[in-house]
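Heads up, the thing below is written out as structure tokens.
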Amino acid sequence: DVGVGEMTLLISVYLVAVAAMQPVSGRLGDAYGSIRMMMAGLVLLIAISAVSALATNLPMLILMRGLQGAATALVLPNGIAVLRKRTPSARLGTVLGMNGAALSIAAATGPVIGGALLLAGDWRLLFLVNVPLSVVAIAFLLRLKPDEGHGRETLHIDTPSLLALVAVFGSAVLIGSATRVENPAFLIAGGALLPLTVAAYWLRSRWGGSIVEFRFFGARNFRAAASSQGLTNLVMYSFLVSLPLYLVDLRGVSDQVVSMVLFSLMAAMITLSPVGGALTDRVGRRPLLLGGGFIIGAATIALMVLFDDPPLAAIIGPLIGVGIGLGISGPARSSAALEAWPRDVAGSVSGTFSMMRYAGAILGAAIIAALLGPDPGEGAFRLLTVVLAGVAILNIFVSLEIRDRPKTATAGVIETPTPVPERPRP
């Protein structure tokens, strides 16, 4: 049997690994080919999942969970990079919208499938199910023509800065874990370690190297889109994590009802993501980004105003609004980031952009822990909605910085403020 503390550790190790490996994955894709790296990630996932199912103790399972996160990280950013490389700019929004809907469906159905597997057998099935799914994914990839990378000589991964990034995410996750394990020591330790690890990363990037390619933030569209990605994911993740705590602990709502409440957000996002992608290609990014941002902001403010022992309907309505806003703005945000730099660095751009998604989720968990504490009351949850409303408003101002692609743009580079410099060689 695994307690809350052990379960939190299993989740945290995976989250830190998958977040820190995003920029590494992108660089590997640019060097060796994105499809090749996706195949490698899936093969590793098959092997690691099989070994995880055979784990005989908790430390071994924790190690395998971290490796599983690293293997998974090889797939997502490189998959986005393949779409960027092979899709004309005029259709990129549509393709990204469909991809976003598919990812959201996977995120929504994953817990349901996991629960069914636990009812049917034991926890080992949660790992073994990855094997056939990965085999199917590999079969689809084999039908695609592999893309050529730039070669090993262009690859440079700064190990000290990677370890520092792991420490930064680990410290933030430690803060976020305080709510689940109800141990203030986690909050204190994470709060003390976070500034130290951030300082360590900054010093290494200043005088050594950086695993995060900050040069990408020199492009206006990428900088604004990546920041918006982090902010919107912070809002979404914070709602998905905090509302179950509020509804179950303070309102006595059943887990089944809570699942339906949260699904309203995911359902709206799944439905509107393809629509947002198609509209991005037809009317441009800014109307979708600003429209989606205003909807997210209005929905979050509505929840803040209504948050005084609200009926479930008063919670579901704003959540649907958040899902609608995320759905229609997501493809525009992704296309703005990906097209800010040339296709030949699509992997690295995708990896850095994807990292911001996880950074927003991790920061959201830390904010939840800091505001709610181990025994939150109604006032603490109301304060959290105020903070999230502020984040949603900030996202609107950040989105104002994103520009539409020029009318004369071809399927090539949309925004290239400076020539792409070569990475330092090892």
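FYI, nothing fancy with the structure tokens labels: chains A, B, ... in order, residues from 1 per chain, ligands from 1 as they appear.
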
What are the closest atom pairs, with distances in Å to one decimal, for all residues of segment 195-295 of chain A lying within 9 Å of segment 392-404 of chain A? Consider only C-alpha atoms, order rows by chain and residue number, and present the result as a Markdown table.
```
| residue | atom | partner | partner_atom | distance |
| --- | --- | --- | --- | --- |
| A:Arg220 | CA | A:Ile402 | CA | 7.0 |
| A:Asn221 | CA | A:Ile402 | CA | 5.0 |
| A:Phe222 | CA | A:Ile402 | CA | 8.2 |
| A:Arg223 | CA | A:Ile402 | CA | 8.7 |
| A:Ala224 | CA | A:Val398 | CA | 5.8 |
| A:Ala225 | CA | A:Ile402 | CA | 6.9 |
| A:Ser227 | CA | A:Val398 | CA | 7.2 |
| A:Ser228 | CA | A:Asn395 | CA | 5.6 |
| A:Gln229 | CA | A:Asn395 | CA | 8.8 |
| A:Leu231 | CA | A:Asn395 | CA | 6.2 |
| A:Thr232 | CA | A:Ala392 | CA | 6.9 |
| A:Val235 | CA | A:Ala392 | CA | 7.0 |
| A:Gly284 | CA | A:Asp404 | CA | 5.9 |
| A:Arg285 | CA | A:Asp404 | CA | 5.5 |
| A:Arg286 | CA | A:Asp404 | CA | 6.3 |
| A:Leu289 | CA | A:Ser399 | CA | 6.3 |
| A:Leu290 | CA | A:Ile396 | CA | 6.4 |
| A:Gly292 | CA | A:Ile396 | CA | 8.8 |
| A:Gly293 | CA | A:Ile396 | CA | 5.2 |
| A:Phe294 | CA | A:Ile396 | CA | 6.7 |
```

Dump as a Markdown table the rows for residues of segment 201-260 of chain A within 10 Å of segment 134-156 of chain A: closest atom pair and distance in Å with one decimal, only C-alpha atoms counted, ordered by chain and rising residue number.
```
| residue | atom | partner | partner_atom | distance |
| --- | --- | --- | --- | --- |
| A:Gly209 | CA | A:His156 | CA | 9.5 |
| A:Ser210 | CA | A:His156 | CA | 9.9 |
| A:Ile211 | CA | A:His156 | CA | 8.7 |
```

Take the residues just selected and output them with N, CA and C atoms as a short mmCIF file (atom, residue, chain, number, x, y, z; two decimals), in the first residue's frame.
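Final file, again_28.cif:
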```
data_model
loop_
_atom_site.label_atom_id
_atom_site.label_comp_id
_atom_site.auth_asym_id
_atom_site.auth_seq_id
_atom_site.Cartn_x
_atom_site.Cartn_y
_atom_site.Cartn_z
N GLY A 209 26.96 27.73 -19.13
CA GLY A 209 26.06 27.42 -20.23
C GLY A 209 24.65 27.31 -19.69
N SER A 210 23.68 27.22 -20.59
CA SER A 210 22.28 27.14 -20.19
C SER A 210 21.57 26.09 -21.02
N ILE A 211 20.88 25.19 -20.35
CA ILE A 211 20.11 24.18 -21.07
C ILE A 211 18.86 24.80 -21.70
#
```

- Do you know which residues are at most 7 Å from segment 83-85 of chain A counting only C-alpha atoms, after dropping those on the same chain fewer than 5 positions away, and could you put them as number ranges by chain? A: 338, 343, 346

- Between A:Met98, A:Ile157, A:Leu371, A:Ala332, which is the closest to Arg405 of chain A once you count only C-alpha atoms?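 Once distances to Arg405 of chain A are computed over only C-alpha atoms, the minimum belongs to A:Ala332.
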
- Min atom-atom distance to Arg215 of chain A from the set A:Thr87, A:Thr271, A:Ser348, A:Thr197, counting only C-alpha atoms, belongs to A:Ser348

- Message: I'd like to know which residues of segment 209-412 of chain A are helix (DSSP H, G or I) (by DSSP, run on the backbone); could you write them as a ChimeraX atom specification?
- Response: /A:214-218,220-250,255-283,285-306,312-338,343-372,378-399

- Task: Could you tell me which of A:Leu388, A:Ala31, A:Ile315, A:Leu117 comes closest to Val258 of chain A if we count only C-alpha atoms?
- Result: A:Ile315

- Residues near Ala370 of chain A, cut-off 10 Å, only C-alpha atoms, skip fewer than 3 positions along chain, as an MDAnalysis selection string: chainID A and resid 175:176 178:179 184 187:188 191 364:367 373:374 380 384

- Task: Please identify all polymer residues within 12 Å of Ala40 of chain A, counting only C-alpha atoms, omitting same-chain residues fewer than 2 positions from it, and present them as a PyMOL selection string.
- Result: chain A and resi 25+28-29+32-38+42-47+70-75+78+134-135+137-138+141

Write the residues of the selection above to a file with C-alpha atoms, as a PDB file, in the first residue's frame.
```
ATOM      1  CA  SER A  25      14.431  16.679 -26.036  1.00  0.00           C
ATOM      2  CA  LEU A  28      18.175  16.085 -29.511  1.00  0.00           C
ATOM      3  CA  GLY A  29      15.465  16.293 -32.161  1.00  0.00           C
ATOM      4  CA  TYR A  32      19.295  13.597 -34.773  1.00  0.00           C
ATOM      5  CA  GLY A  33      15.823  14.120 -36.241  1.00  0.00           C
ATOM      6  CA  SER A  34      12.509  14.657 -34.457  1.00  0.00           C
ATOM      7  CA  ILE A  35      10.868  11.435 -35.652  1.00  0.00           C
ATOM      8  CA  ARG A  36      13.942   9.433 -34.654  1.00  0.00           C
ATOM      9  CA  MET A  37      13.790  10.917 -31.146  1.00  0.00           C
ATOM     10  CA  MET A  38      10.072  10.164 -30.871  1.00  0.00           C
ATOM     11  CA  LEU A  42       8.568   5.310 -27.257  1.00  0.00           C
ATOM     12  CA  VAL A  43      11.003   2.368 -27.245  1.00  0.00           C
ATOM     13  CA  LEU A  44      12.399   3.566 -23.915  1.00  0.00           C
ATOM     14  CA  LEU A  45       8.867   4.011 -22.588  1.00  0.00           C
ATOM     15  CA  ILE A  46       8.044   0.392 -23.466  1.00  0.00           C
ATOM     16  CA  ALA A  47      11.141  -0.912 -21.681  1.00  0.00           C
ATOM     17  CA  ALA A  70      12.284  11.527 -19.264  1.00  0.00           C
ATOM     18  CA  ALA A  71      11.224   9.065 -21.985  1.00  0.00           C
ATOM     19  CA  THR A  72       7.827  10.727 -22.356  1.00  0.00           C
ATOM     20  CA  ALA A  73       9.530  14.099 -22.734  1.00  0.00           C
ATOM     21  CA  LEU A  74      11.260  12.860 -25.888  1.00  0.00           C
ATOM     22  CA  VAL A  75       7.895  12.471 -27.625  1.00  0.00           C
ATOM     23  CA  ASN A  78       9.433  16.506 -31.131  1.00  0.00           C
ATOM     24  CA  SER A 134       3.482   2.802 -27.542  1.00  0.00           C
ATOM     25  CA  VAL A 135       3.658  -0.033 -30.075  1.00  0.00           C
ATOM     26  CA  ALA A 137       2.338   4.893 -31.899  1.00  0.00           C
ATOM     27  CA  ILE A 138       5.570   3.421 -33.285  1.00  0.00           C
ATOM     28  CA  LEU A 141       5.647   6.756 -37.006  1.00  0.00           C
TER      29      LEU A 141
END
```

- Message: One number please: atom CA of Ala116 of chain A to atom CA of Pro244 of chain A, in Å, one decimal.
- Response: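 These atoms are spaced 20.0 Å apart.
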
- Note on the structure: Here atom CA of Leu303 of chain A and atom CA of Pro318 of chain A stand apart by 6.0 Å

- Message: List as a ChimeraX atom specification the protein and nucleic acid residues near Leu15 of chain A, meaning an atom at most 10 Å away when only C-alpha atoms are counted, but skip any in the same chain fewer than 3 places from it.
- Response: /A:9-12,18-20,65-66,69-70,169-170,173,358-359,361-362

With C-alpha atoms retained, could you export that selection as a CSV table (one decimal), in the first residue's frame?
```csv
chain,number,residue,atom,x,y,z
A,9,LEU,CA,6.6,11.6,-4.5
A,10,LEU,CA,5.8,9.4,-7.5
A,11,ILE,CA,3.8,12.2,-9.1
A,12,SER,CA,6.5,14.8,-8.3
A,18,VAL,CA,9.3,15.6,-17.9
A,19,ALA,CA,9.5,19.3,-17.3
A,20,ALA,CA,13.3,19.5,-17.2
A,65,ARG,CA,8.8,6.8,-12.7
A,66,GLY,CA,11.4,9.5,-13.2
A,69,GLY,CA,9.0,11.0,-17.4
A,70,ALA,CA,12.3,11.5,-19.3
A,169,PHE,CA,11.7,22.5,-10.6
A,170,GLY,CA,12.2,20.1,-7.7
A,173,VAL,CA,7.3,20.9,-6.7
A,358,TYR,CA,5.0,22.6,-17.2
A,359,ALA,CA,6.6,25.6,-15.5
A,361,ALA,CA,1.7,24.0,-13.8
A,362,ILE,CA,4.5,23.7,-11.2
```

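Distance check against Val241 of chain A using only C-alpha atoms: of A:Trp207, A:Trp341, A:Phe214, A:Phe381, the minimum falls on A:Phe381.
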
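What separates atom CA of Ala389 of chain A from atom CA of Gly297 of chain A is a distance of 6.3 Å.
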